[in-house]
file run_19.cif (mmCIF, C-alpha atoms)
data_entry
loop_
_atom_site.label_atom_id
_atom_site.label_comp_id
_atom_site.auth_asym_id
_atom_site.auth_seq_id
_atom_site.Cartn_x
_atom_site.Cartn_y
_atom_site.Cartn_z
CA MET A 903 0.00 0.00 0.00
CA GLY A 904 1.47 3.37 -1.02
CA ARG A 905 1.33 6.70 0.66
CA GLY A 906 -1.56 9.05 0.16
CA ARG A 907 -1.22 12.20 -1.85
CA VAL A 908 -0.01 15.25 0.01
CA GLN A 909 -2.24 18.27 -0.41
CA LEU A 910 -0.13 21.07 -1.87
CA LYS A 911 -0.59 24.11 0.30
CA GLN A 912 1.81 26.07 2.49
CA ILE A 913 2.57 24.41 5.81
CA GLU A 914 1.39 26.78 8.54
CA ASN A 915 3.68 25.57 11.36
CA LYS A 916 7.11 27.18 10.87
CA ILE A 917 9.03 24.28 12.41
CA SER A 918 7.19 21.68 10.33
CA ARG A 919 7.72 23.84 7.23
CA GLN A 920 11.47 24.07 7.90
CA VAL A 921 11.77 20.31 8.52
CA THR A 922 9.81 19.57 5.33
CA PHE A 923 11.95 22.06 3.37
CA SER A 924 15.15 20.46 4.63
CA LYS A 925 14.00 16.90 3.85
CA ARG A 926 12.62 17.77 0.43
CA ARG A 927 15.68 19.84 -0.45
CA THR A 928 17.88 16.85 0.41
CA GLY A 929 15.63 14.55 -1.65
CA LEU A 930 15.66 16.96 -4.58
CA ARG A 931 19.44 17.17 -4.45
CA LYS A 932 19.67 13.36 -4.32
CA LYS A 933 17.40 13.05 -7.37
CA ALA A 934 19.46 15.66 -9.23
CA HIS A 935 22.63 13.69 -8.48
CA GLU A 936 20.99 10.41 -9.50
CA ILE A 937 19.81 11.73 -12.86
CA SER A 938 23.25 13.20 -13.55
CA VAL A 939 24.99 9.87 -12.80
CA LEU A 940 22.44 7.47 -14.29
CA CYS A 941 21.77 9.44 -17.46
CA ASP A 942 25.09 11.26 -17.87
CA ALA A 943 23.21 14.56 -17.72
CA GLN A 944 24.46 17.98 -16.69
CA VAL A 945 22.35 19.21 -13.79
CA ALA A 946 22.20 22.56 -12.02
CA LEU A 947 19.88 22.98 -9.06
CA ILE A 948 19.30 26.35 -7.41
CA VAL A 949 17.05 26.71 -4.37
CA PHE A 950 16.51 29.74 -2.15
CA ASN A 951 14.79 29.23 1.19
CA ALA A 952 12.22 31.66 2.58
CA LYS A 953 14.99 33.74 4.19
CA GLY A 954 16.93 33.96 0.93
CA LYS A 955 19.69 31.47 1.79
CA LEU A 956 21.12 29.79 -1.32
CA PHE A 957 21.29 26.02 -1.70
CA ASP A 958 22.74 24.77 -4.96
CA TYR A 959 23.98 21.61 -6.63
CA SER A 960 25.88 21.13 -9.83
CA SER A 961 26.85 17.88 -11.48
CA GLU A 962 29.81 19.71 -12.99
CA SER A 963 32.84 21.06 -11.14
CA SER A 964 31.34 24.53 -11.42
CA MET A 965 27.76 25.75 -11.47
CA GLU A 966 28.87 28.42 -13.92
CA ASN A 967 29.72 25.80 -16.55
CA VAL A 968 26.17 24.44 -16.53
CA LEU A 969 24.60 27.91 -16.48
CA GLU A 970 26.82 29.08 -19.34
CA ARG A 971 25.77 26.01 -21.33
CA TYR A 972 22.13 26.86 -20.58
CA GLU A 973 22.69 30.42 -21.73
CA ARG A 974 24.33 29.24 -24.98
CA HIS A 975 21.49 26.76 -25.56
CA ASP A 976 18.87 29.39 -24.87
CA HIS A 977 20.64 31.81 -27.21
CA ILE A 978 20.85 29.17 -29.96
CA GLY A 979 17.16 28.44 -29.44
CA GLN A 980 16.43 32.11 -30.05
CA LEU A 981 18.45 32.12 -33.26
CA VAL A 982 16.97 28.87 -34.60
CA GLY A 983 13.46 29.73 -33.48
CA ASP A 984 12.54 26.51 -31.68
CA GLY A 985 9.63 26.49 -29.30
CA ASP A 986 7.23 29.29 -28.48
CA GLU A 987 8.97 32.52 -29.44
CA SER A 988 6.78 34.55 -27.09
CA GLN A 989 8.53 32.75 -24.19
CA VAL A 990 12.09 33.53 -25.35
CA PRO A 991 12.40 37.04 -23.85
CA HIS A 992 10.81 35.82 -20.61
CA ARG A 993 13.19 32.83 -20.36
CA THR A 994 16.19 35.02 -21.13
CA LEU A 995 15.20 37.65 -18.55
CA ALA A 996 14.51 34.95 -15.96
CA PHE A 997 17.90 33.39 -16.66
CA ILE A 998 19.67 36.74 -16.37
CA ASN A 999 17.97 37.40 -13.03
CA ILE A 1000 18.76 33.93 -11.69
CA TYR A 1001 22.35 34.14 -12.88
CA ALA A 1002 22.82 37.63 -11.40
CA ASN A 1003 21.40 36.50 -8.05
CA LEU A 1004 23.57 33.40 -8.09
CA ARG A 1005 26.70 35.44 -8.89
CA LEU A 1006 25.82 37.84 -6.05
CA CYS A 1007 25.38 34.94 -3.61
CA ILE A 1008 28.63 33.34 -4.74
CA SER A 1009 30.44 36.68 -4.43
CA LEU A 1010 29.08 37.15 -0.92
CA LEU A 1011 30.16 33.63 0.01
CA ASN A 1012 33.60 34.34 -1.43
CA CYS A 1013 33.84 37.59 0.54
CA VAL A 1014 33.30 35.73 3.80
CA GLY A 1015 35.87 33.09 2.82
CA GLN A 1016 33.51 30.32 1.68
CA ASP A 1017 33.29 28.44 -1.62
CA LEU A 1018 36.80 29.47 -2.64
CA ASP A 1019 37.85 26.13 -4.20
CA PRO A 1020 36.59 26.82 -7.75
CA LEU A 1021 38.39 30.19 -7.92
CA SER A 1022 41.53 30.56 -10.01
CA LEU A 1023 44.66 32.33 -8.75
CA ARG A 1024 43.69 35.48 -10.67
CA GLU A 1025 40.17 35.44 -9.18
CA LEU A 1026 41.59 34.91 -5.68
CA GLN A 1027 44.00 37.82 -6.15
CA SER A 1028 41.16 40.00 -7.42
CA LEU A 1029 39.01 39.03 -4.43
CA GLU A 1030 41.92 39.78 -2.08
CA HIS A 1031 42.38 43.22 -3.67
CA LEU A 1032 38.64 43.88 -3.42
CA LEU A 1033 38.64 42.93 0.28
CA ASP A 1034 41.75 45.05 0.97
CA THR A 1035 40.08 48.06 -0.64
CA ALA A 1036 36.86 47.43 1.29
CA LEU A 1037 38.80 47.06 4.55
CA LYS A 1038 40.57 50.38 3.95
CA ARG A 1039 37.21 52.10 3.34
CA ILE A 1040 35.75 50.51 6.47
CA ARG A 1041 38.72 51.60 8.59
CA THR A 1042 38.58 55.13 7.18
CA ARG A 1043 34.87 55.42 7.97
CA LYS A 1044 35.39 53.88 11.43
CA ASN A 1045 38.11 56.44 12.16
CA GLN A 1046 35.84 59.27 11.00
CA VAL A 1047 33.06 58.07 13.30
CA MET A 1048 35.46 57.66 16.22
CA ASN A 1049 37.01 61.11 15.67
CA GLN A 1050 33.54 62.69 15.49
CA SER A 1051 32.54 60.91 18.68
CA ILE A 1052 35.71 62.10 20.45
CA SER A 1053 35.10 65.64 19.22
CA ASP A 1054 31.50 65.53 20.46
CA GLN A 1055 32.63 64.24 23.87
CA GLN A 1056 35.31 66.95 24.13
CA LYS A 1057 32.67 69.62 23.40
CA LYS A 1058 30.49 68.20 26.17
CA VAL A 1059 33.41 68.23 28.61
CA ARG A 1060 34.25 71.84 27.68
CA GLY A 1061 30.60 72.75 28.19
CA TRP A 1062 30.59 71.09 31.61
CA GLU A 1063 33.88 72.79 32.53
CA GLN A 1064 32.48 76.18 31.51
CA GLY A 1065 29.33 75.44 33.48
CA ASP A 1066 31.41 74.51 36.53
CA LEU A 1067 33.50 77.67 36.09
CA LEU A 1068 30.36 79.81 35.96
CA LEU A 1069 29.03 78.04 39.02
CA ASP A 1070 32.34 78.64 40.77
CA ILE A 1071 32.27 82.34 39.85
CA GLY A 1072 28.65 82.61 40.98
CA VAL A 1073 29.40 80.97 44.31
CA HIS A 1074 32.41 83.23 44.92
CA MET A 1075 30.42 86.35 44.04
CA HIS A 1076 27.80 85.56 46.70
CA TYR A 1077 30.39 85.08 49.46
#
call {"tool": "encode", "arguments": {"input": "run_19.cif", "output": "structure tokens"}}
result
Amino acid sequence: MGRGRVQLKQIENKISRQVTFSKRRTGLRKKAHEISVLCDAQVALIVFNAKGKLFDYSSESSMENVLERYERHDHIGQLVGDGDESQVPHRTLAFINIYANLRLCISLLNCVGQDLDPLSLRELQSLEHLLDTALKRIRTRKNQVMNQSISDQQKKVRGWEQGDLLLDIGVHMHY
């Protein structure tokens, strides 16, 4: 006897939803791996959870290789005219958006020191230069904020000292 059909609607309980997401994501990744091995297919899987965290799988050494192949195939499809031509601009725009989001996520991961293995020496050097430049900007801004804070505190102290001096003068004038 098989399982019953699951009604497709959003799971209300956040914990149950997260558990289901995790299990189904793992199952989806397993199926993607199986089809790539069994059928010698190139597979790219991109999943964003509700909070925007990226989960991806690629049967190739690099997700970019599969996405570039998709882009070339999509472009060739446009030139040849296969399929519904009214869908071509939509597919291309969707691909550009997905690819841009993926590149942004990969760049962010790289900036925090993750997913560095696929990067070449030139890309690593470029990332290092980018981080050095960013660190200099951060330090410069931090110093500006600290100097402004020190200046503000010194003004307050001078104001208090002047207030104390006036109080002192006032007290001496009455005696």
call {"tool": "closest_residue", "arguments": {"input": "run_19.cif", "among": "A:Ser1051, A:Leu1029, A:Thr928, A:Arg919", "to": "Ala952 (chain A)", "atoms": "all atoms listed in the file"}}
result
A:Arg919
call {"tool": "resolve_selection", "arguments": {"input": "run_19.cif", "expression": "the PyMOL selection byres ((chain A and resi 935) around 12)", "output": "list in words"}}
result
Thr928, Gly929, Leu930, Arg931, Lys932, Lys933, Ala934, Glu936, Ile937, Ser938, Val939, Leu940, Cys941, Asp942, Ala943, Gln944, Val945, Ala946, Leu947, Asp958, Tyr959, Ser960, Ser961 and Glu962 of chain A
call {"tool": "closest_residue", "arguments": {"input": "run_19.cif", "among": "A:Ser1022, A:Leu1004, A:Gln1046, A:Leu910", "to": "Gly954 (chain A)", "atoms": "only C-alpha atoms"}}
result
A:Leu1004
call {"tool": "closest_residue", "arguments": {"input": "run_19.cif", "among": "A:Leu1011, A:Lys953, A:Arg1005, A:Asn1045", "to": "Leu969 (chain A)", "atoms": "only C-alpha atoms"}}
result
A:Arg1005
call {"tool": "atom_distance", "arguments": {"input": "run_19.cif", "atom1": "CA of His1031 (chain A)", "atom2": "CA of Glu966 (chain A)"}}
result
22.5 Å
call {"tool": "atom_distance", "arguments": {"input": "run_19.cif", "atom1": "CA of Gly1015 (chain A)", "atom2": "CA of Val968 (chain A)"}}
result
23.3 Å
call {"tool": "atom_distance", "arguments": {"input": "run_19.cif", "atom1": "CA of Glu1030 (chain A)", "atom2": "CA of Leu956 (chain A)"}}
result
23.1 Å
call {"tool": "axis_aligned_box", "arguments": {"input": "run_19.cif", "around": "region 916-932 of chain A", "padding_each_side": "3 Å", "output": "lines of an AutoDock Vina configuration file"}}
result
center_x = 13.4
center_y = 20.3
center_z = 3.9
size_x = 18.6
size_y = 19.8
size_z = 23.0
